[in-house]
file model03.cif (mmCIF, C-alpha atoms)
data_structure
#
loop_
_atom_site.group_PDB
_atom_site.id
_atom_site.type_symbol
_atom_site.label_atom_id
_atom_site.label_comp_id
_atom_site.auth_asym_id
_atom_site.auth_seq_id
_atom_site.Cartn_x
_atom_site.Cartn_y
_atom_site.Cartn_z
ATOM 1 C CA MET A 996 39.671 -10.355 -12.805
ATOM 2 C CA ASP A 997 37.923 -13.107 -10.848
ATOM 3 C CA ARG A 998 36.690 -12.184 -7.390
ATOM 4 C CA PRO A 999 38.594 -14.114 -4.700
ATOM 5 C CA GLU A 1000 36.303 -16.355 -2.672
ATOM 6 C CA ILE A 1001 37.874 -15.959 0.751
ATOM 7 C CA PRO A 1002 35.676 -16.531 3.817
ATOM 8 C CA LEU A 1003 35.799 -13.645 6.264
ATOM 9 C CA PRO A 1004 36.861 -15.882 9.192
ATOM 10 C CA GLN A 1005 40.023 -16.767 7.270
ATOM 11 C CA LEU A 1006 40.802 -13.133 6.523
ATOM 12 C CA HIS A 1007 40.093 -12.127 10.101
ATOM 13 C CA ALA A 1008 42.270 -14.963 11.460
ATOM 14 C CA PHE A 1009 45.099 -13.901 9.150
ATOM 15 C CA VAL A 1010 45.015 -10.262 10.318
ATOM 16 C CA VAL A 1011 44.865 -11.186 14.006
ATOM 17 C CA LEU A 1012 47.744 -13.659 13.692
ATOM 18 C CA ALA A 1013 49.774 -11.110 11.709
ATOM 19 C CA GLU A 1014 49.274 -8.636 14.565
ATOM 20 C CA GLU A 1015 49.999 -11.113 17.368
ATOM 21 C CA LEU A 1016 52.615 -13.315 15.636
ATOM 22 C CA HIS A 1017 51.736 -15.973 18.196
ATOM 23 C CA PHE A 1018 49.215 -18.755 17.571
ATOM 24 C CA GLY A 1019 48.174 -19.018 21.232
ATOM 25 C CA HIS A 1020 47.616 -15.289 21.651
ATOM 26 C CA ALA A 1021 45.807 -15.001 18.324
ATOM 27 C CA ALA A 1022 43.534 -17.965 19.120
ATOM 28 C CA ALA A 1023 42.644 -16.455 22.506
ATOM 29 C CA ARG A 1024 41.866 -13.107 20.892
ATOM 30 C CA LEU A 1025 39.651 -14.809 18.331
ATOM 31 C CA GLY A 1026 37.953 -16.938 20.993
ATOM 32 C CA ILE A 1027 38.843 -20.235 19.303
ATOM 33 C CA ALA A 1028 41.304 -23.081 19.923
ATOM 34 C CA GLN A 1029 44.692 -23.210 18.176
ATOM 35 C CA PRO A 1030 43.899 -26.143 15.830
ATOM 36 C CA PRO A 1031 40.949 -24.348 14.131
ATOM 37 C CA LEU A 1032 43.123 -21.228 13.788
ATOM 38 C CA SER A 1033 45.874 -23.244 12.135
ATOM 39 C CA GLN A 1034 43.292 -24.766 9.777
ATOM 40 C CA GLN A 1035 41.970 -21.316 8.794
ATOM 41 C CA ILE A 1036 45.476 -20.091 8.012
ATOM 42 C CA ARG A 1037 46.330 -23.219 6.050
ATOM 43 C CA ARG A 1038 43.188 -22.878 3.918
ATOM 44 C CA LEU A 1039 43.963 -19.240 3.200
ATOM 45 C CA GLU A 1040 47.520 -20.103 2.214
ATOM 46 C CA ASP A 1041 46.138 -22.765 -0.120
ATOM 47 C CA LYS A 1042 43.986 -20.105 -1.829
ATOM 48 C CA VAL A 1043 46.922 -17.692 -2.120
ATOM 49 C CA GLY A 1044 49.232 -20.439 -3.296
ATOM 50 C CA HIS A 1045 52.079 -19.336 -1.016
ATOM 51 C CA ALA A 1046 52.933 -19.473 2.658
ATOM 52 C CA LEU A 1047 51.876 -16.346 4.532
ATOM 53 C CA PHE A 1048 53.746 -17.107 7.750
ATOM 54 C CA SER A 1049 57.150 -18.591 8.513
ATOM 55 C CA ARG A 1050 56.984 -21.031 11.386
ATOM 56 C CA THR A 1051 60.004 -21.969 13.482
ATOM 57 C CA PRO A 1052 60.019 -23.286 17.053
ATOM 58 C CA GLY A 1053 58.942 -20.442 19.327
ATOM 59 C CA ARG A 1054 58.648 -17.921 16.488
ATOM 60 C CA VAL A 1055 56.064 -16.891 13.882
ATOM 61 C CA GLY A 1056 56.796 -14.301 11.218
ATOM 62 C CA LEU A 1057 55.206 -12.909 8.076
ATOM 63 C CA THR A 1058 56.574 -14.025 4.737
ATOM 64 C CA PRO A 1059 56.927 -11.502 1.880
ATOM 65 C CA ALA A 1060 53.571 -12.771 0.564
ATOM 66 C CA GLY A 1061 51.996 -12.253 3.994
ATOM 67 C CA ARG A 1062 53.379 -8.724 4.284
ATOM 68 C CA GLU A 1063 51.935 -7.925 0.860
ATOM 69 C CA LEU A 1064 48.486 -9.272 1.742
ATOM 70 C CA LEU A 1065 48.201 -7.649 5.177
ATOM 71 C CA PRO A 1066 47.288 -4.030 4.135
ATOM 72 C CA ALA A 1067 44.666 -5.275 1.680
ATOM 73 C CA ALA A 1068 43.201 -7.664 4.258
ATOM 74 C CA ARG A 1069 42.998 -4.919 6.881
ATOM 75 C CA GLY A 1070 41.446 -2.547 4.358
ATOM 76 C CA ALA A 1071 38.833 -5.109 3.305
ATOM 77 C CA LEU A 1072 37.810 -5.803 6.899
ATOM 78 C CA THR A 1073 37.683 -2.080 7.728
ATOM 79 C CA GLU A 1074 35.659 -1.300 4.611
ATOM 80 C CA LEU A 1075 33.222 -4.080 5.413
ATOM 81 C CA SER A 1076 32.899 -2.921 9.025
ATOM 82 C CA ASP A 1077 32.275 0.651 7.887
ATOM 83 C CA GLY A 1078 29.750 -0.551 5.332
ATOM 84 C CA LEU A 1079 27.856 -2.578 7.917
ATOM 85 C CA ALA A 1080 27.777 0.402 10.290
ATOM 86 C CA ALA A 1081 26.521 2.662 7.511
ATOM 87 C CA ALA A 1082 23.878 0.139 6.473
ATOM 88 C CA ARG A 1083 22.660 -0.157 10.055
ATOM 89 C CA ALA A 1084 22.529 3.630 10.401
ATOM 90 C CA VAL A 1085 20.504 3.980 7.196
ATOM 91 C CA GLY A 1086 18.270 1.044 8.072
ATOM 92 C CA SER A 1087 17.438 2.578 11.441
ATOM 93 C CA GLY A 1088 16.906 6.035 9.951
ATOM 94 C CA ARG A 1089 19.895 7.642 11.684
ATOM 95 C CA ALA A 1090 21.645 8.395 8.381
ATOM 96 C CA GLY A 1091 20.954 8.411 4.674
ATOM 97 C CA HIS A 1092 19.687 10.713 1.962
ATOM 98 C CA LEU A 1093 16.285 12.425 1.957
ATOM 99 C CA ARG A 1094 14.883 14.394 -0.989
ATOM 100 C CA ILE A 1095 12.370 17.081 -0.002
ATOM 101 C CA GLY A 1096 10.291 19.250 -2.282
ATOM 102 C CA PHE A 1097 8.755 22.464 -0.977
ATOM 103 C CA ALA A 1098 6.540 25.249 -2.223
ATOM 104 C CA ALA A 1099 8.484 28.518 -2.243
ATOM 105 C CA SER A 1100 6.066 30.281 0.101
ATOM 106 C CA LEU A 1101 6.801 27.714 2.809
ATOM 107 C CA ALA A 1102 10.293 29.157 3.148
ATOM 108 C CA LEU A 1103 8.408 32.000 4.856
ATOM 109 C CA THR A 1104 6.615 29.725 7.336
ATOM 110 C CA VAL A 1105 7.231 26.109 8.331
ATOM 111 C CA LEU A 1106 10.351 25.182 6.349
ATOM 112 C CA PRO A 1107 13.150 26.887 8.352
ATOM 113 C CA GLY A 1108 11.986 25.552 11.722
ATOM 114 C CA LEU A 1109 11.329 22.102 10.297
ATOM 115 C CA LEU A 1110 14.797 21.764 8.775
ATOM 116 C CA ARG A 1111 16.485 23.128 11.896
ATOM 117 C CA THR A 1112 14.677 20.663 14.170
ATOM 118 C CA PHE A 1113 15.277 17.706 11.862
ATOM 119 C CA ARG A 1114 18.995 18.417 11.521
ATOM 120 C CA GLN A 1115 19.317 18.707 15.292
ATOM 121 C CA GLN A 1116 17.736 15.276 15.740
ATOM 122 C CA PHE A 1117 19.343 13.570 12.717
ATOM 123 C CA PRO A 1118 22.632 15.341 11.963
ATOM 124 C CA ASP A 1119 23.962 12.510 9.764
ATOM 125 C CA VAL A 1120 21.075 12.628 7.278
ATOM 126 C CA HIS A 1121 21.846 14.447 4.027
ATOM 127 C CA LEU A 1122 18.938 16.654 2.942
ATOM 128 C CA ASP A 1123 18.391 17.442 -0.727
ATOM 129 C CA ILE A 1124 15.992 20.413 -0.733
ATOM 130 C CA ARG A 1125 14.223 21.252 -3.992
ATOM 131 C CA GLU A 1126 11.938 24.234 -4.584
ATOM 132 C CA MET A 1127 8.915 23.093 -6.598
ATOM 133 C CA THR A 1128 5.281 24.059 -7.003
ATOM 134 C CA THR A 1129 2.518 21.610 -6.105
ATOM 135 C CA ALA A 1130 1.857 19.833 -9.413
ATOM 136 C CA PRO A 1131 5.544 19.057 -10.122
ATOM 137 C CA GLN A 1132 5.918 17.777 -6.550
ATOM 138 C CA ILE A 1133 3.049 15.327 -7.050
ATOM 139 C CA THR A 1134 4.673 14.054 -10.250
ATOM 140 C CA ALA A 1135 8.095 13.801 -8.590
ATOM 141 C CA LEU A 1136 6.646 11.804 -5.691
ATOM 142 C CA HIS A 1137 5.010 9.353 -8.101
ATOM 143 C CA ASP A 1138 8.266 9.062 -10.076
ATOM 144 C CA LYS A 1139 10.279 8.525 -6.860
ATOM 145 C CA VAL A 1140 12.323 11.639 -7.537
ATOM 146 C CA LEU A 1141 11.172 13.063 -4.181
ATOM 147 C CA ASP A 1142 10.670 11.292 -0.857
ATOM 148 C CA ILE A 1143 8.677 14.071 0.837
ATOM 149 C CA GLY A 1144 6.666 16.999 -0.472
ATOM 150 C CA LEU A 1145 5.535 20.153 1.310
ATOM 151 C CA LEU A 1146 2.793 21.647 -0.804
ATOM 152 C CA ARG A 1147 -0.391 23.685 -0.877
ATOM 153 C CA GLU A 1148 -3.880 22.358 -1.472
ATOM 154 C CA PRO A 1149 -3.066 18.682 -2.166
ATOM 155 C CA PRO A 1150 -5.254 16.834 -4.677
ATOM 156 C CA ALA A 1151 -8.247 14.978 -3.298
ATOM 157 C CA ASP A 1152 -8.195 12.015 -5.687
ATOM 158 C CA GLU A 1153 -4.761 10.550 -4.889
ATOM 159 C CA THR A 1154 -4.639 6.842 -4.057
ATOM 160 C CA GLU A 1155 -0.867 6.278 -3.931
ATOM 161 C CA LEU A 1156 0.089 9.281 -1.810
ATOM 162 C CA SER A 1157 -0.649 10.151 1.812
ATOM 163 C CA PHE A 1158 -1.175 13.700 3.066
ATOM 164 C CA ARG A 1159 -1.132 15.277 6.491
ATOM 165 C CA THR A 1160 -2.096 18.907 7.115
ATOM 166 C CA VAL A 1161 0.658 20.872 8.828
ATOM 167 C CA LEU A 1162 -0.537 24.457 8.409
ATOM 168 C CA SER A 1163 -3.628 26.391 7.461
ATOM 169 C CA GLU A 1164 -3.717 30.118 6.900
ATOM 170 C CA PRO A 1165 -6.170 32.751 5.634
ATOM 171 C CA PHE A 1166 -5.992 34.577 2.343
ATOM 172 C CA VAL A 1167 -5.047 38.244 2.008
ATOM 173 C CA ALA A 1168 -5.645 40.739 -0.788
ATOM 174 C CA VAL A 1169 -2.484 42.059 -2.442
ATOM 175 C CA LEU A 1170 -2.885 45.592 -3.776
ATOM 176 C CA PRO A 1171 -0.675 48.298 -5.224
ATOM 177 C CA SER A 1172 -0.061 50.744 -2.379
ATOM 178 C CA ALA A 1173 -1.752 53.500 -4.441
ATOM 179 C CA HIS A 1174 -4.920 51.425 -4.903
ATOM 180 C CA PRO A 1175 -8.015 53.088 -3.353
ATOM 181 C CA LEU A 1176 -8.766 49.951 -1.295
ATOM 182 C CA ALA A 1177 -5.274 50.052 0.278
ATOM 183 C CA ALA A 1178 -6.614 52.708 2.640
ATOM 184 C CA GLN A 1179 -8.970 50.131 4.190
ATOM 185 C CA ARG A 1180 -7.917 47.630 6.857
ATOM 186 C CA THR A 1181 -10.184 44.956 5.386
ATOM 187 C CA VAL A 1182 -11.247 44.373 1.790
ATOM 188 C CA GLU A 1183 -14.452 42.639 0.757
ATOM 189 C CA LEU A 1184 -13.712 40.292 -2.116
ATOM 190 C CA ALA A 1185 -16.579 41.709 -4.136
ATOM 191 C CA GLN A 1186 -14.731 45.055 -4.166
ATOM 192 C CA LEU A 1187 -12.073 43.482 -6.384
ATOM 193 C CA ALA A 1188 -14.499 42.466 -9.110
ATOM 194 C CA ASP A 1189 -13.411 45.184 -11.561
ATOM 195 C CA ASP A 1190 -9.661 44.761 -11.023
ATOM 196 C CA PRO A 1191 -7.382 42.629 -13.199
ATOM 197 C CA PHE A 1192 -5.734 39.754 -11.319
ATOM 198 C CA VAL A 1193 -2.206 38.383 -11.160
ATOM 199 C CA LEU A 1194 -2.205 34.679 -10.263
ATOM 200 C CA LEU A 1195 -0.087 31.559 -10.419
ATOM 201 C CA PRO A 1196 -0.829 29.432 -13.522
ATOM 202 C CA ARG A 1197 -3.385 26.730 -12.807
ATOM 203 C CA ALA A 1198 -0.981 24.085 -14.119
ATOM 204 C CA VAL A 1199 1.468 24.530 -11.230
ATOM 205 C CA GLY A 1200 -1.172 24.376 -8.489
ATOM 206 C CA PRO A 1201 -4.620 23.403 -9.755
ATOM 207 C CA ARG A 1202 -6.430 23.184 -6.416
ATOM 208 C CA LEU A 1203 -4.984 26.458 -5.090
ATOM 209 C CA TYR A 1204 -5.886 28.216 -8.325
ATOM 210 C CA ASP A 1205 -9.405 26.788 -8.154
ATOM 211 C CA ARG A 1206 -9.628 27.754 -4.494
ATOM 212 C CA ILE A 1207 -8.845 31.399 -5.261
ATOM 213 C CA THR A 1208 -11.114 31.637 -8.288
ATOM 214 C CA GLY A 1209 -13.802 29.821 -6.274
ATOM 215 C CA LEU A 1210 -13.615 32.463 -3.533
ATOM 216 C CA CYS A 1211 -14.113 35.115 -6.198
ATOM 217 C CA ALA A 1212 -17.067 33.197 -7.621
ATOM 218 C CA ASP A 1213 -18.605 33.021 -4.137
ATOM 219 C CA ALA A 1214 -18.233 36.807 -3.993
ATOM 220 C CA GLY A 1215 -20.180 37.107 -7.247
ATOM 221 C CA PHE A 1216 -17.560 37.564 -9.951
ATOM 222 C CA THR A 1217 -15.075 35.728 -12.158
ATOM 223 C CA PRO A 1218 -11.590 37.192 -11.833
ATOM 224 C CA ARG A 1219 -10.123 38.662 -14.991
ATOM 225 C CA ILE A 1220 -6.607 37.210 -15.190
ATOM 226 C CA ALA A 1221 -4.242 39.815 -16.629
ATOM 227 C CA GLN A 1222 -0.956 38.080 -15.850
ATOM 228 C CA HIS A 1223 0.412 34.780 -14.569
ATOM 229 C CA ALA A 1224 3.600 34.304 -12.535
ATOM 230 C CA VAL A 1225 5.043 31.060 -11.170
ATOM 231 C CA GLU A 1226 6.474 32.493 -7.913
ATOM 232 C CA TRP A 1227 4.591 34.487 -5.290
ATOM 233 C CA GLN A 1228 7.399 37.037 -5.105
ATOM 234 C CA THR A 1229 6.933 37.682 -8.810
ATOM 235 C CA VAL A 1230 3.164 37.958 -8.317
ATOM 236 C CA CYS A 1231 3.745 40.651 -5.699
ATOM 237 C CA ALA A 1232 6.269 42.447 -7.908
ATOM 238 C CA LEU A 1233 3.765 42.551 -10.764
ATOM 239 C CA VAL A 1234 1.107 43.897 -8.384
ATOM 240 C CA GLU A 1235 3.580 46.572 -7.285
ATOM 241 C CA ALA A 1236 4.095 47.437 -10.968
ATOM 242 C CA GLY A 1237 0.355 48.064 -11.284
ATOM 243 C CA LEU A 1238 -0.530 45.058 -13.457
ATOM 244 C CA GLY A 1239 -3.348 43.989 -11.165
ATOM 245 C CA VAL A 1240 -4.300 42.710 -7.702
ATOM 246 C CA SER A 1241 -4.075 39.240 -6.213
ATOM 247 C CA LEU A 1242 -5.215 36.893 -3.466
ATOM 248 C CA THR A 1243 -2.417 35.053 -1.676
ATOM 249 C CA PRO A 1244 -1.848 33.008 1.479
ATOM 250 C CA ALA A 1245 -1.282 35.302 4.462
ATOM 251 C CA SER A 1246 2.359 34.259 4.855
ATOM 252 C CA ILE A 1247 3.176 36.075 1.600
ATOM 253 C CA ARG A 1248 2.924 39.286 3.630
ATOM 254 C CA ARG A 1249 6.482 38.545 4.727
ATOM 255 C CA ILE A 1250 7.672 39.503 1.245
ATOM 256 C CA ARG A 1251 8.518 43.143 1.815
ATOM 257 C CA LEU A 1252 7.837 45.402 -1.169
ATOM 258 C CA LYS A 1253 7.361 49.135 -0.609
ATOM 259 C CA GLY A 1254 4.728 49.503 -3.293
ATOM 260 C CA VAL A 1255 2.482 46.659 -2.118
ATOM 261 C CA ALA A 1256 -0.267 46.624 0.501
ATOM 262 C CA PHE A 1257 -1.580 43.400 2.075
ATOM 263 C CA ARG A 1258 -5.106 43.575 3.467
ATOM 264 C CA ARG A 1259 -7.372 41.129 5.245
ATOM 265 C CA THR A 1260 -10.329 39.889 3.263
ATOM 266 C CA GLU A 1261 -13.998 39.440 4.007
ATOM 267 C CA PRO A 1262 -15.344 36.889 4.392
ATOM 268 C CA GLY A 1263 -12.296 35.902 6.453
ATOM 269 C CA THR A 1264 -13.171 32.261 7.099
ATOM 270 C CA ALA A 1265 -11.533 30.835 3.963
ATOM 271 C CA ARG A 1266 -8.144 29.241 4.601
ATOM 272 C CA THR A 1267 -5.529 27.523 2.474
ATOM 273 C CA ARG A 1268 -4.113 24.170 3.504
ATOM 274 C CA VAL A 1269 -0.442 23.195 3.565
ATOM 275 C CA ALA A 1270 0.281 19.465 3.739
ATOM 276 C CA VAL A 1271 3.166 17.065 3.854
ATOM 277 C CA ALA A 1272 2.949 14.360 1.170
ATOM 278 C CA TRP A 1273 4.673 11.003 0.801
ATOM 279 C CA ARG A 1274 4.182 7.684 -0.975
ATOM 280 C CA SER A 1275 1.836 5.573 1.133
ATOM 281 C CA ALA A 1276 3.852 2.402 0.477
ATOM 282 C CA ASP A 1277 7.216 4.002 1.293
ATOM 283 C CA ARG A 1278 8.883 2.219 4.227
ATOM 284 C CA ASN A 1279 11.926 4.497 4.363
ATOM 285 C CA PRO A 1280 12.433 5.233 8.090
ATOM 286 C CA LEU A 1281 13.695 8.717 7.217
ATOM 287 C CA VAL A 1282 10.262 9.546 5.799
ATOM 288 C CA THR A 1283 8.663 8.436 9.059
ATOM 289 C CA HIS A 1284 11.139 10.512 11.067
ATOM 290 C CA LEU A 1285 10.504 13.642 9.005
ATOM 291 C CA THR A 1286 6.718 13.333 9.105
ATOM 292 C CA THR A 1287 6.980 12.951 12.881
ATOM 293 C CA VAL A 1288 9.073 16.120 13.141
ATOM 294 C CA ILE A 1289 6.612 17.936 10.866
ATOM 295 C CA SER A 1290 3.738 16.888 13.132
ATOM 296 C CA GLN A 1291 5.643 18.272 16.107
ATOM 297 C CA GLU A 1292 6.231 21.543 14.250
ATOM 298 C CA ARG A 1293 2.631 21.808 13.051
ATOM 299 C CA THR A 1294 1.100 25.226 13.536
ATOM 300 C CA ASP A 1295 -1.777 27.387 12.411
ATOM 301 C CA GLY A 1296 -0.959 30.357 10.253
ATOM 302 C CA PRO A 1297 -1.792 33.999 10.868
#
call {"tool": "encode", "arguments": {"input": "model03.cif", "output": "structure tokens"}}
result
Amino acid sequence: MDRPEIPLPQLHAFVVLAEELHFGHAAARLGIAQPPLSQQIRRLEDKVGHALFSRTPGRVGLTPAGRELLPAARGALTELSDGLAAARAVGSGRAGHLRIGFAASLALTVLPGLLRTFRQQFPDVHLDIREMTTAPQITALHDKVLDIGLLREPPADETELSFRTVLSEPFVAVLPSAHPLAAQRTVELAQLADDPFVLLPRAVGPRLYDRITGLCADAGFTPRIAQHAVEWQTVCALVEAGLGVSLTPASIRRIRLKGVAFRRTEPGTARTRVAVAWRSADRNPLVTHLTTVISQERTDGP
């Protein structure tokens, strides 16, 4: 079916005249003189191929063809008006769709407050929240599958992505509650040299993995990795089961497991960085809005 080429002024004039059924009143409502209104209607009738209005002295009425066209004309104008309003809302960043990736541990820290604040300020924005580790988030940002990433230890060699630190927190030792060192308030990293370790695979967070193994190297040993687990909750569960010990960001202490002890580490100056990431060339106003909210919510960890 060919698309009808009907100028909007003609369609608008038709609807207004159909509602007023008076050329003078319709012209006044449209803000034009009667002759241009009559011309618009005549041109529309030429396109339809039938009269849309019956005209008798002192009376204007809709013909059967006009009555048939009226609902479709109203619907087209309403749909266009709604579409323009939606486009303006999205263009200004008041509405739209935003895809956010987040590291699971951030559900224990910045994520709940961030989402709550953003939804309060932008209630018409649909948020698509996806739990992902750091490396997949970087790939998804490059592939335009994500608009925003919240991740740990962002890569240093990125040229297409921008990063802004939103949280830094110390590391803690994760021990089985029966471990001899669990009786201490603070654990020196060197004391863990003989223990097997449970860590996230390097592939899912290379810089965080290197950060942890680097801290061990600074303490004089290379950690013996006994088990890998993709999620921190699983890491803690494996520690509870006695498969080893671990080093985690301090926020992981909020995972409550009866058989696990979290202890401060010495030296205690090392911290892990959480950052928001986005494509540097992205001009989506929703990205700007969210990074602004994240900056407002920025905090230092425990």
call {"tool": "atom_distance", "arguments": {"input": "model03.cif", "atom1": "CA of Leu1136 in chain A", "atom2": "CA of Arg1266 in chain A"}}
result
25.1 Å
call {"tool": "resolve_selection", "arguments": {"input": "model03.cif", "expression": "the PyMOL selection byres ((chain A and resi 1274) around 10)", "output": "PyMOL selection string"}}
result
chain A and resi 1133+1136-1137+1139+1141-1144+1154-1158+1272-1273+1275-1279+1282
call {"tool": "write_last_selection", "arguments": {"input": "model03.cif", "atoms": "C-alpha atoms", "output": "mmCIF file, in the frame of the given file"}}
result
data_model
loop_
_atom_site.group_PDB
_atom_site.id
_atom_site.type_symbol
_atom_site.label_atom_id
_atom_site.label_comp_id
_atom_site.auth_asym_id
_atom_site.auth_seq_id
_atom_site.Cartn_x
_atom_site.Cartn_y
_atom_site.Cartn_z
ATOM 1 C CA ILE A 1133 3.049 15.327 -7.050
ATOM 2 C CA LEU A 1136 6.646 11.804 -5.691
ATOM 3 C CA HIS A 1137 5.010 9.353 -8.101
ATOM 4 C CA LYS A 1139 10.279 8.525 -6.860
ATOM 5 C CA LEU A 1141 11.172 13.063 -4.181
ATOM 6 C CA ASP A 1142 10.670 11.292 -0.857
ATOM 7 C CA ILE A 1143 8.677 14.071 0.837
ATOM 8 C CA GLY A 1144 6.666 16.999 -0.472
ATOM 9 C CA THR A 1154 -4.639 6.842 -4.057
ATOM 10 C CA GLU A 1155 -0.867 6.278 -3.931
ATOM 11 C CA LEU A 1156 0.089 9.281 -1.810
ATOM 12 C CA SER A 1157 -0.649 10.151 1.812
ATOM 13 C CA PHE A 1158 -1.175 13.700 3.066
ATOM 14 C CA ALA A 1272 2.949 14.360 1.170
ATOM 15 C CA TRP A 1273 4.673 11.003 0.801
ATOM 16 C CA SER A 1275 1.836 5.573 1.133
ATOM 17 C CA ALA A 1276 3.852 2.402 0.477
ATOM 18 C CA ASP A 1277 7.216 4.002 1.293
ATOM 19 C CA ARG A 1278 8.883 2.219 4.227
ATOM 20 C CA ASN A 1279 11.926 4.497 4.363
ATOM 21 C CA VAL A 1282 10.262 9.546 5.799
#
call {"tool": "resolve_selection", "arguments": {"input": "model03.cif", "expression": "the PyMOL selection byres ((chain A and resi 1089-1101) around 9)", "output": "PyMOL selection string"}}
result
chain A and resi 1081-1088+1102-1107+1116-1129+1132+1135-1136+1140-1147+1226-1228+1244+1246-1247+1269+1280-1282
call {"tool": "closest_residue", "arguments": {"input": "model03.cif", "among": "A:Phe1192, A:Thr1181, A:Ala1046, A:Glu1074", "to": "Arg1062 in chain A", "atoms": "all atoms listed in the file"}}
result
A:Ala1046
call {"tool": "atom_distance", "arguments": {"input": "model03.cif", "atom1": "CA of Ala1021 in chain A", "atom2": "CA of Ala1080 in chain A"}}
result
25.0 Å
call {"tool": "residues_near_point", "arguments": {"input": "model03.cif", "point": "(-3.3, 26.1, -7.6)", "cutoff": "10 Å", "atoms": "all atoms listed in the file", "output": "JSON, numbers by chain"}}
result
{"A": [1128, 1129, 1130, 1147, 1148, 1149, 1150, 1194, 1195, 1196, 1197, 1198, 1199, 1200, 1201, 1202, 1203, 1204, 1205, 1206, 1207, 1208]}
call {"tool": "write_last_selection", "arguments": {"input": "model03.cif", "atoms": "C-alpha atoms", "output": "PDB file, keeping the file's coordinate frame"}}
result
ATOM      1  CA  THR A1128       5.281  24.059  -7.003  1.00  0.00           C
ATOM      2  CA  THR A1129       2.518  21.610  -6.105  1.00  0.00           C
ATOM      3  CA  ALA A1130       1.857  19.833  -9.413  1.00  0.00           C
ATOM      4  CA  ARG A1147      -0.391  23.685  -0.877  1.00  0.00           C
ATOM      5  CA  GLU A1148      -3.880  22.358  -1.472  1.00  0.00           C
ATOM      6  CA  PRO A1149      -3.066  18.682  -2.166  1.00  0.00           C
ATOM      7  CA  PRO A1150      -5.254  16.834  -4.677  1.00  0.00           C
ATOM      8  CA  LEU A1194      -2.205  34.679 -10.263  1.00  0.00           C
ATOM      9  CA  LEU A1195      -0.087  31.559 -10.419  1.00  0.00           C
ATOM     10  CA  PRO A1196      -0.829  29.432 -13.522  1.00  0.00           C
ATOM     11  CA  ARG A1197      -3.385  26.730 -12.807  1.00  0.00           C
ATOM     12  CA  ALA A1198      -0.981  24.085 -14.119  1.00  0.00           C
ATOM     13  CA  VAL A1199       1.468  24.530 -11.230  1.00  0.00           C
ATOM     14  CA  GLY A1200      -1.172  24.376  -8.489  1.00  0.00           C
ATOM     15  CA  PRO A1201      -4.620  23.403  -9.755  1.00  0.00           C
ATOM     16  CA  ARG A1202      -6.430  23.184  -6.416  1.00  0.00           C
ATOM     17  CA  LEU A1203      -4.984  26.458  -5.090  1.00  0.00           C
ATOM     18  CA  TYR A1204      -5.886  28.216  -8.325  1.00  0.00           C
ATOM     19  CA  ASP A1205      -9.405  26.788  -8.154  1.00  0.00           C
ATOM     20  CA  ARG A1206      -9.628  27.754  -4.494  1.00  0.00           C
ATOM     21  CA  ILE A1207      -8.845  31.399  -5.261  1.00  0.00           C
ATOM     22  CA  THR A1208     -11.114  31.637  -8.288  1.00  0.00           C
TER      23      THR A1208
END
call {"tool": "residues_around", "arguments": {"input": "model03.cif", "residues": "Leu1242 in chain A", "least_positions_apart": "2", "cutoff": "12 Å", "atoms": "only C-alpha atoms", "output": "NGL selection string"}}
result
:A and (1165-1170 or 1182-1184 or 1187 or 1190-1195 or 1203-1211 or 1218 or 1220 or 1227 or 1230-1231 or 1234 or 1239-1240 or 1244-1248 or 1256-1261 or 1265-1267)
call {"tool": "resolve_selection", "arguments": {"input": "model03.cif", "expression": "the PyMOL selection byres ((chain A and resi 1050-1060) around 10)", "output": "ChimeraX atom specification"}}
result
/A:1012-1018,1040,1043-1049,1061-1065
call {"tool": "decode", "arguments": {"input": "model03.cif", "residues": "range 1011-1017 of chain A", "atoms": "N, CA, C and O atoms", "output": "mmCIF file, in the first residue's frame"}}
result
data_model
loop_
_atom_site.group_PDB
_atom_site.id
_atom_site.type_symbol
_atom_site.label_atom_id
_atom_site.label_comp_id
_atom_site.auth_asym_id
_atom_site.auth_seq_id
_atom_site.Cartn_x
_atom_site.Cartn_y
_atom_site.Cartn_z
ATOM 1 N N VAL A 1011 -10.312 20.050 12.652
ATOM 2 C CA VAL A 1011 -10.900 21.225 13.313
ATOM 3 C C VAL A 1011 -12.245 21.573 12.688
ATOM 4 O O VAL A 1011 -13.229 21.852 13.389
ATOM 5 N N LEU A 1012 -12.342 21.550 11.370
ATOM 6 C CA LEU A 1012 -13.613 21.863 10.718
ATOM 7 C C LEU A 1012 -14.664 20.795 11.042
ATOM 8 O O LEU A 1012 -15.846 21.110 11.236
ATOM 9 N N ALA A 1013 -14.250 19.542 11.119
ATOM 10 C CA ALA A 1013 -15.191 18.473 11.470
ATOM 11 C C ALA A 1013 -15.725 18.658 12.887
ATOM 12 O O ALA A 1013 -16.860 18.273 13.188
ATOM 13 N N GLU A 1014 -14.906 19.236 13.774
ATOM 14 C CA GLU A 1014 -15.354 19.473 15.145
ATOM 15 C C GLU A 1014 -16.221 20.726 15.246
ATOM 16 O O GLU A 1014 -17.170 20.768 16.040
ATOM 17 N N GLU A 1015 -15.909 21.741 14.462
ATOM 18 C CA GLU A 1015 -16.643 23.007 14.538
ATOM 19 C C GLU A 1015 -17.867 23.044 13.618
ATOM 20 O O GLU A 1015 -18.875 23.680 13.934
ATOM 21 N N LEU A 1016 -17.745 22.366 12.456
ATOM 22 C CA LEU A 1016 -18.794 22.394 11.425
ATOM 23 C C LEU A 1016 -19.223 23.822 11.099
ATOM 24 O O LEU A 1016 -20.407 24.121 10.898
ATOM 25 N N HIS A 1017 -18.223 24.699 11.062
ATOM 26 C CA HIS A 1017 -18.463 26.111 10.747
ATOM 27 C C HIS A 1017 -17.132 26.675 10.265
ATOM 28 O O HIS A 1017 -16.127 26.649 11.006
#
